[in-house]
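Colleague: The structure that follows is given in the form of structure tokens.
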Amino acid sequence: MRIARFTTGDDPRYGLVQEEAGTTYLAVLNGDPLYMPVAPTGERLELGDGVRLLAPVIPRSKIVAVGKNYAAHAEEMGGEVPSRPLVFFKPNTSVVGPDDPIVLPGFTREASYEAELAVVIGRLAKDVSPQAAASYILGYTVANDVTARDAQRTDGQWARAKGFDSACPLGPWIDTDLDPEDVAVRSRVNGELRQDGRTRDMVFDIPYLVSYISEAFTLLPGDVILTGTPAGVGAIEAGDRVECEVEGLGVLSNPVVRRD
Ligand code: ZN
């Protein structure tokens with residue numbers, strides 16, 4: 001099942017994504033699938049003109065992200081693989097949706113994309129074991145952990161570098177059936193392939209991350225975990241279009257603009 005959040009100009013609604021003869025439709029749902037039981041309304045909309053996808057979830061409480069979770073990326077950043085997950089927060093105000101602009105703030109001259117598989121939590125999780133982790137996961141989406149490398153180096157803490165408005169594109173939908181164990185995680189800038197890793201190369205796998213993170217923080221429905229980025233990160237500038245893809249899930253595409 002693929003759950004999308006969308007707008008036709010009014011308040012956001014949810015729909016199930018259906019493909020038919022090359023066209024994408026949304027079977028509209030009543031309610032919010034993250035927080036309540038839902039039912040189809042019977043209405044069916046074609047994706048496109050007038051029907052725009054939004055970030056599939058705006059976390060109520062937090063996005064927990066994991067740094068250096070692929071060895072080849074840790075190496076390209078000039079660091080070692082951490083001995084335990086390197087965890088940081090991105091605020092929910094950093095979330096934008098498919099096709100929304102990534103707005104580079106004036107304080108950075110060195111912004112980078114990071115394609116990542118994102119885990120969407122489905123129910124309250126605290127002190128969860130790795131064995132039980134799967135039952136707390138609603139599904140998966142694609143994330144771009146946009147990072148101001150210069151601020152990341154100079155600030156000490158990563159809040160500004162990774163938490164500015166629009167630094168967390170999410171989408172295009174939540175896939176509840178994806179098997180995340182060994183899928184490609186890719187990015188393209190202006191159509192050119194930049195990252196092409198596989199989730200099997202994560203240093204700490206998803207069950208371990210959910211368990212480790214839930215020991216420190218209570219995870220709430222709609223919270224999101226970013227699982228790290230493979231090697232190949234690099235610069236983006238105003239005028240670029242960056243696409244992040246998780247194989248079997250979908251492509252998240254965003255233009256880059258600059259606010260000066
Ligand atoms: Zn990242």
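By order in the structure tokens, chains are A, B, ...; within a chain, residues start at 1; ligands start at 1, following the order shown.
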Can you tell me which residues sit at most 8 Å away from ligand 1, counting only C-alpha atoms and all ligand atoms, written as a list in words?
Modeller: Ala65, Val66, Gly67, Lys68, Glu114, Ala115, Glu116, Asn144, Asp145, Val146, Thr147, Leu226, Thr227, Gly228 and Thr229 of chain A
Colleague: Could I get the residues of region 25-129 of chain A with an atom no further than 8 Å from an atom of region 191-202 of chain A, each paired with its nearest atom pair and that distance in Å to one decimal, using only C-alpha atoms, sorted by chain and residue number, as a Markdown table?
Modeller:
| residue | atom | partner | partner_atom | distance |
| --- | --- | --- | --- | --- |
| A:Asn69 | CA | A:Met202 | CA | 5.4 |
| A:Tyr70 | CA | A:Met202 | CA | 4.9 |
| A:Ala71 | CA | A:Met202 | CA | 7.6 |
| A:Ala115 | CA | A:Gln195 | CA | 7.6 |
Colleague: Can you spit out the residues from that selection as a PDB file, in the first residue's frame, using all heavy atoms?
Modeller:
ATOM      1  N   ASN A  69      26.280   6.353   8.309  1.00  0.00           N
ATOM      2  CA  ASN A  69      25.795   4.981   8.462  1.00  0.00           C
ATOM      3  C   ASN A  69      26.119   4.103   7.260  1.00  0.00           C
ATOM      4  O   ASN A  69      25.628   2.986   7.154  1.00  0.00           O
ATOM      5  CB  ASN A  69      24.289   4.985   8.755  1.00  0.00           C
ATOM      6  CG  ASN A  69      23.822   3.665   9.351  1.00  0.00           C
ATOM      7  OD1 ASN A  69      24.575   2.985  10.051  1.00  0.00           O
ATOM      8  ND2 ASN A  69      22.602   3.284   9.048  1.00  0.00           N
ATOM      9  N   TYR A  70      26.915   4.644   6.327  1.00  0.00           N
ATOM     10  CA  TYR A  70      27.466   3.833   5.232  1.00  0.00           C
ATOM     11  C   TYR A  70      28.983   4.070   5.258  1.00  0.00           C
ATOM     12  O   TYR A  70      29.428   5.234   5.266  1.00  0.00           O
ATOM     13  CB  TYR A  70      26.921   4.280   3.877  1.00  0.00           C
ATOM     14  CG  TYR A  70      25.454   3.954   3.619  1.00  0.00           C
ATOM     15  CD1 TYR A  70      24.434   4.717   4.184  1.00  0.00           C
ATOM     16  CD2 TYR A  70      25.098   2.896   2.773  1.00  0.00           C
ATOM     17  CE1 TYR A  70      23.094   4.441   3.927  1.00  0.00           C
ATOM     18  CE2 TYR A  70      23.760   2.614   2.507  1.00  0.00           C
ATOM     19  CZ  TYR A  70      22.767   3.386   3.086  1.00  0.00           C
ATOM     20  OH  TYR A  70      21.445   3.113   2.821  1.00  0.00           O
ATOM     21  N   ALA A  71      29.757   2.984   5.285  1.00  0.00           N
ATOM     22  CA  ALA A  71      31.208   3.113   5.460  1.00  0.00           C
ATOM     23  C   ALA A  71      31.835   3.993   4.382  1.00  0.00           C
ATOM     24  O   ALA A  71      32.699   4.824   4.667  1.00  0.00           O
ATOM     25  CB  ALA A  71      31.848   1.723   5.458  1.00  0.00           C
ATOM     26  N   ALA A 115      20.762  11.592  -0.294  1.00  0.00           N
ATOM     27  CA  ALA A 115      19.609  10.697  -0.490  1.00  0.00           C
ATOM     28  C   ALA A 115      19.574   9.652   0.619  1.00  0.00           C
ATOM     29  O   ALA A 115      20.605   9.051   0.933  1.00  0.00           O
ATOM     30  CB  ALA A 115      19.702  10.011  -1.846  1.00  0.00           C
TER      31      ALA A 115
END
Colleague: Measuring atom to atom with only C-alpha atoms, identify which of A:Thr108, A:Ser61, A:Gln131, A:Asn30 is nearest to Asp205 (chain A).
Modeller: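 Smallest distance to Asp205 (chain A) is found for A:Gln131.
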Colleague: At a cut-off of 6 Å, using only C-alpha atoms, what residues contact region 172-184 of chain A? Leave out same-chain residues fewer than 2 positions from it and give the result as a list in words.
Modeller: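 Listed by chain and then number, they are Met1, Arg2, Ile3, Ala4, Pro56, Pro98, Gly139, Tyr140, Thr141, Gly197, Arg198, Thr199, Arg200, Val246, Glu247 and Leu252 of chain A.
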Colleague: Save the residues we just selected, N, CA, C and O atoms, as a PDB file, in the first residue's frame?
Modeller:
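Contents of the output file selection-v4.pdb:
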ATOM      1  N   MET A   1       0.847  -1.189   0.000  1.00  0.00           N
ATOM      2  CA  MET A   1       0.000   0.000   0.000  1.00  0.00           C
ATOM      3  C   MET A   1       0.893   1.253   0.000  1.00  0.00           C
ATOM      4  O   MET A   1       1.888   1.309   0.701  1.00  0.00           O
ATOM      5  N   ARG A   2       0.496   2.212  -0.837  1.00  0.00           N
ATOM      6  CA  ARG A   2       1.209   3.482  -0.867  1.00  0.00           C
ATOM      7  C   ARG A   2       0.258   4.592  -0.440  1.00  0.00           C
ATOM      8  O   ARG A   2      -0.790   4.781  -1.067  1.00  0.00           O
ATOM      9  N   ILE A   3       0.656   5.312   0.612  1.00  0.00           N
ATOM     10  CA  ILE A   3      -0.198   6.363   1.162  1.00  0.00           C
ATOM     11  C   ILE A   3       0.408   7.713   0.804  1.00  0.00           C
ATOM     12  O   ILE A   3       1.556   7.999   1.164  1.00  0.00           O
ATOM     13  N   ALA A   4      -0.355   8.512   0.103  1.00  0.00           N
ATOM     14  CA  ALA A   4       0.104   9.852  -0.275  1.00  0.00           C
ATOM     15  C   ALA A   4      -0.707  10.904   0.472  1.00  0.00           C
ATOM     16  O   ALA A   4      -1.860  10.679   0.848  1.00  0.00           O
ATOM     17  N   PRO A  56       4.511  13.314   2.720  1.00  0.00           N
ATOM     18  CA  PRO A  56       3.522  12.321   3.164  1.00  0.00           C
ATOM     19  C   PRO A  56       3.279  12.352   4.666  1.00  0.00           C
ATOM     20  O   PRO A  56       2.274  11.839   5.138  1.00  0.00           O
ATOM     21  N   PRO A  98       7.355  16.811  -2.250  1.00  0.00           N
ATOM     22  CA  PRO A  98       7.796  16.657  -3.631  1.00  0.00           C
ATOM     23  C   PRO A  98       7.637  17.966  -4.403  1.00  0.00           C
ATOM     24  O   PRO A  98       6.594  18.631  -4.290  1.00  0.00           O
ATOM     25  N   GLY A 139       5.833   2.392   7.578  1.00  0.00           N
ATOM     26  CA  GLY A 139       6.308   2.237   6.214  1.00  0.00           C
ATOM     27  C   GLY A 139       7.550   3.075   5.992  1.00  0.00           C
ATOM     28  O   GLY A 139       8.199   3.509   6.947  1.00  0.00           O
ATOM     29  N   TYR A 140       7.817   3.318   4.695  1.00  0.00           N
ATOM     30  CA  TYR A 140       9.067   3.964   4.313  1.00  0.00           C
ATOM     31  C   TYR A 140       8.795   5.038   3.278  1.00  0.00           C
ATOM     32  O   TYR A 140       7.849   4.943   2.499  1.00  0.00           O
ATOM     33  N   THR A 141       9.652   6.058   3.286  1.00  0.00           N
ATOM     34  CA  THR A 141       9.597   7.055   2.235  1.00  0.00           C
ATOM     35  C   THR A 141      11.023   7.460   1.889  1.00  0.00           C
ATOM     36  O   THR A 141      11.986   6.889   2.397  1.00  0.00           O
ATOM     37  N   GLY A 197      24.003   3.696  -3.866  1.00  0.00           N
ATOM     38  CA  GLY A 197      24.376   2.751  -2.814  1.00  0.00           C
ATOM     39  C   GLY A 197      23.273   1.734  -2.594  1.00  0.00           C
ATOM     40  O   GLY A 197      22.244   1.757  -3.280  1.00  0.00           O
ATOM     41  N   ARG A 198      23.501   0.839  -1.651  1.00  0.00           N
ATOM     42  CA  ARG A 198      22.486  -0.158  -1.328  1.00  0.00           C
ATOM     43  C   ARG A 198      22.291  -0.237   0.177  1.00  0.00           C
ATOM     44  O   ARG A 198      23.260  -0.156   0.948  1.00  0.00           O
ATOM     45  N   THR A 199      21.030  -0.409   0.589  1.00  0.00           N
ATOM     46  CA  THR A 199      20.738  -0.394   2.027  1.00  0.00           C
ATOM     47  C   THR A 199      21.419  -1.547   2.772  1.00  0.00           C
ATOM     48  O   THR A 199      21.626  -1.445   3.974  1.00  0.00           O
ATOM     49  N   ARG A 200      21.779  -2.616   2.079  1.00  0.00           N
ATOM     50  CA  ARG A 200      22.463  -3.720   2.782  1.00  0.00           C
ATOM     51  C   ARG A 200      23.819  -3.271   3.312  1.00  0.00           C
ATOM     52  O   ARG A 200      24.412  -3.949   4.155  1.00  0.00           O
ATOM     53  N   VAL A 246      14.607   5.780  -3.884  1.00  0.00           N
ATOM     54  CA  VAL A 246      14.774   4.472  -3.258  1.00  0.00           C
ATOM     55  C   VAL A 246      14.117   3.470  -4.190  1.00  0.00           C
ATOM     56  O   VAL A 246      12.944   3.621  -4.560  1.00  0.00           O
ATOM     57  N   GLU A 247      14.894   2.495  -4.580  1.00  0.00           N
ATOM     58  CA  GLU A 247      14.441   1.485  -5.532  1.00  0.00           C
ATOM     59  C   GLU A 247      13.172   0.803  -5.036  1.00  0.00           C
ATOM     60  O   GLU A 247      13.106   0.391  -3.875  1.00  0.00           O
ATOM     61  N   LEU A 252      11.912  11.271  -5.314  1.00  0.00           N
ATOM     62  CA  LEU A 252      11.597  12.558  -4.686  1.00  0.00           C
ATOM     63  C   LEU A 252      12.429  13.615  -5.411  1.00  0.00           C
ATOM     64  O   LEU A 252      13.652  13.535  -5.420  1.00  0.00           O
TER      65      LEU A 252
END
Colleague: List as a list of chain:residue names the protein and nucleic acid residues near Ala39 (chain A), meaning an atom at most 12 Å away when only C-alpha atoms are counted, but skip any in the same chain fewer than 3 places from it.
Modeller: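 In the requested form, the answer reads A:Tyr14, A:Gly15, A:Leu16, A:Ala27, A:Val28, A:Leu29, A:Asn30, A:Gly31, A:Asp32, A:Pro33, A:Met36, A:Gly42, A:Glu43.
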Colleague: Take the residues that were just selected and, keeping N, CA and C atoms, output them as a PDB file, in the first residue's frame.
Modeller:
ATOM      1  N   TYR A  14      -5.527  12.613   2.321  1.00  0.00           N
ATOM      2  CA  TYR A  14      -4.719  11.423   2.061  1.00  0.00           C
ATOM      3  C   TYR A  14      -5.382  10.553   1.010  1.00  0.00           C
ATOM      4  N   GLY A  15      -4.534   9.814   0.299  1.00  0.00           N
ATOM      5  CA  GLY A  15      -5.083   8.902  -0.695  1.00  0.00           C
ATOM      6  C   GLY A  15      -4.167   7.714  -0.889  1.00  0.00           C
ATOM      7  N   LEU A  16      -4.745   6.606  -1.368  1.00  0.00           N
ATOM      8  CA  LEU A  16      -3.948   5.445  -1.739  1.00  0.00           C
ATOM      9  C   LEU A  16      -3.533   5.582  -3.194  1.00  0.00           C
ATOM     10  N   ALA A  27      -6.826   7.165  -4.634  1.00  0.00           N
ATOM     11  CA  ALA A  27      -8.124   6.804  -4.061  1.00  0.00           C
ATOM     12  C   ALA A  27      -8.217   7.537  -2.725  1.00  0.00           C
ATOM     13  N   VAL A  28      -9.073   8.533  -2.679  1.00  0.00           N
ATOM     14  CA  VAL A  28      -9.107   9.466  -1.547  1.00  0.00           C
ATOM     15  C   VAL A  28      -9.600   8.764  -0.273  1.00  0.00           C
ATOM     16  N   LEU A  29      -8.955   9.085   0.852  1.00  0.00           N
ATOM     17  CA  LEU A  29      -9.300   8.498   2.149  1.00  0.00           C
ATOM     18  C   LEU A  29      -9.931   9.554   3.050  1.00  0.00           C
ATOM     19  N   ASN A  30     -10.802   9.085   3.919  1.00  0.00           N
ATOM     20  CA  ASN A  30     -11.292   9.904   5.028  1.00  0.00           C
ATOM     21  C   ASN A  30     -10.318   9.781   6.176  1.00  0.00           C
ATOM     22  N   GLY A  31      -9.928  10.890   6.794  1.00  0.00           N
ATOM     23  CA  GLY A  31      -9.098  10.822   7.988  1.00  0.00           C
ATOM     24  C   GLY A  31      -7.618  10.783   7.671  1.00  0.00           C
ATOM     25  N   ASP A  32      -6.839  10.589   8.719  1.00  0.00           N
ATOM     26  CA  ASP A  32      -5.381  10.645   8.653  1.00  0.00           C
ATOM     27  C   ASP A  32      -4.827   9.280   9.053  1.00  0.00           C
ATOM     28  N   PRO A  33      -4.260   8.539   8.091  1.00  0.00           N
ATOM     29  CA  PRO A  33      -3.864   7.148   8.354  1.00  0.00           C
ATOM     30  C   PRO A  33      -2.799   6.996   9.434  1.00  0.00           C
ATOM     31  N   MET A  36      -5.464   7.567  12.892  1.00  0.00           N
ATOM     32  CA  MET A  36      -6.829   7.063  13.069  1.00  0.00           C
ATOM     33  C   MET A  36      -7.143   6.062  11.965  1.00  0.00           C
ATOM     34  N   GLY A  42     -14.458   6.866  -1.909  1.00  0.00           N
ATOM     35  CA  GLY A  42     -15.032   6.557  -3.221  1.00  0.00           C
ATOM     36  C   GLY A  42     -14.544   7.509  -4.294  1.00  0.00           C
ATOM     37  N   GLU A  43     -14.017   8.649  -3.875  1.00  0.00           N
ATOM     38  CA  GLU A  43     -13.507   9.631  -4.845  1.00  0.00           C
ATOM     39  C   GLU A  43     -12.133   9.169  -5.355  1.00  0.00           C
TER      40      GLU A  43
END
Colleague: Rounded to one decimal place, report the CA of Pro255 (chain A)-CA of Asp155 (chain A) distance in Å.
Modeller: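 Those two atoms sit 26.3 Å apart.
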Colleague: Measuring atom to atom with only C-alpha atoms, identify which of A:Pro221, A:Pro40, A:Pro169, A:Gly234 is nearest to Glu110 (chain A).
Modeller: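 Comparing A:Pro221, A:Pro40, A:Pro169, A:Gly234 against Glu110 (chain A), the winner is A:Gly234.
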Colleague: Please provide as an NGL selection string all residues within 9 Å of Leu34 (chain A), with the sequence filter that same-chain residues fewer than 5 positions apart are discarded (counting only C-alpha atoms).
Modeller: :A and (57 or 121-123 or 138 or 221-222)
Colleague: Given the selection you just returned, output its residues as a file containing all heavy atoms, formatted as a PDB file, in the first residue's frame.
Modeller:
ATOM      1  N   VAL A  57       4.198  12.952   5.399  1.00  0.00           N
ATOM      2  CA  VAL A  57       4.011  13.095   6.841  1.00  0.00           C
ATOM      3  C   VAL A  57       4.735  14.357   7.295  1.00  0.00           C
ATOM      4  O   VAL A  57       5.821  14.669   6.802  1.00  0.00           O
ATOM      5  CB  VAL A  57       4.537  11.846   7.594  1.00  0.00           C
ATOM      6  CG1 VAL A  57       5.993  11.557   7.265  1.00  0.00           C
ATOM      7  CG2 VAL A  57       4.368  11.984   9.098  1.00  0.00           C
ATOM      8  N   ILE A 121       7.432   5.960  11.629  1.00  0.00           N
ATOM      9  CA  ILE A 121       6.984   5.206  12.804  1.00  0.00           C
ATOM     10  C   ILE A 121       5.449   5.190  12.844  1.00  0.00           C
ATOM     11  O   ILE A 121       4.795   6.210  12.599  1.00  0.00           O
ATOM     12  CB  ILE A 121       7.553   5.846  14.092  1.00  0.00           C
ATOM     13  CG1 ILE A 121       9.084   5.752  14.090  1.00  0.00           C
ATOM     14  CG2 ILE A 121       6.955   5.221  15.350  1.00  0.00           C
ATOM     15  CD1 ILE A 121       9.638   4.341  14.133  1.00  0.00           C
ATOM     16  N   GLY A 122       4.878   4.024  13.148  1.00  0.00           N
ATOM     17  CA  GLY A 122       3.420   3.876  13.121  1.00  0.00           C
ATOM     18  C   GLY A 122       2.758   3.894  14.484  1.00  0.00           C
ATOM     19  O   GLY A 122       1.570   4.188  14.596  1.00  0.00           O
ATOM     20  N   ARG A 123       3.507   3.547  15.539  1.00  0.00           N
ATOM     21  CA  ARG A 123       2.901   3.571  16.877  1.00  0.00           C
ATOM     22  C   ARG A 123       3.967   3.859  17.918  1.00  0.00           C
ATOM     23  O   ARG A 123       5.165   3.705  17.653  1.00  0.00           O
ATOM     24  CB  ARG A 123       2.157   2.273  17.177  1.00  0.00           C
ATOM     25  CG  ARG A 123       2.996   1.022  17.139  1.00  0.00           C
ATOM     26  CD  ARG A 123       2.088  -0.223  17.176  1.00  0.00           C
ATOM     27  NE  ARG A 123       2.874  -1.446  17.146  1.00  0.00           N
ATOM     28  CZ  ARG A 123       3.120  -2.190  18.223  1.00  0.00           C
ATOM     29  NH1 ARG A 123       2.650  -1.853  19.411  1.00  0.00           N
ATOM     30  NH2 ARG A 123       3.845  -3.299  18.124  1.00  0.00           N
ATOM     31  N   LEU A 138       5.399   1.984  10.319  1.00  0.00           N
ATOM     32  CA  LEU A 138       4.255   2.057   9.398  1.00  0.00           C
ATOM     33  C   LEU A 138       4.701   1.780   7.972  1.00  0.00           C
ATOM     34  O   LEU A 138       4.031   1.067   7.220  1.00  0.00           O
ATOM     35  CB  LEU A 138       3.600   3.443   9.484  1.00  0.00           C
ATOM     36  CG  LEU A 138       2.503   3.704   8.456  1.00  0.00           C
ATOM     37  CD1 LEU A 138       1.269   2.848   8.760  1.00  0.00           C
ATOM     38  CD2 LEU A 138       2.123   5.173   8.414  1.00  0.00           C
ATOM     39  N   PRO A 221       3.841   8.119  16.721  1.00  0.00           N
ATOM     40  CA  PRO A 221       3.349   7.899  15.355  1.00  0.00           C
ATOM     41  C   PRO A 221       3.649   9.125  14.498  1.00  0.00           C
ATOM     42  O   PRO A 221       3.400  10.255  14.929  1.00  0.00           O
ATOM     43  CB  PRO A 221       1.836   7.727  15.540  1.00  0.00           C
ATOM     44  CG  PRO A 221       1.668   7.318  16.964  1.00  0.00           C
ATOM     45  CD  PRO A 221       2.800   7.952  17.731  1.00  0.00           C
ATOM     46  N   GLY A 222       4.186   8.892  13.327  1.00  0.00           N
ATOM     47  CA  GLY A 222       4.522  10.006  12.441  1.00  0.00           C
ATOM     48  C   GLY A 222       5.936  10.515  12.608  1.00  0.00           C
ATOM     49  O   GLY A 222       6.395  11.311  11.781  1.00  0.00           O
TER      50      GLY A 222
END
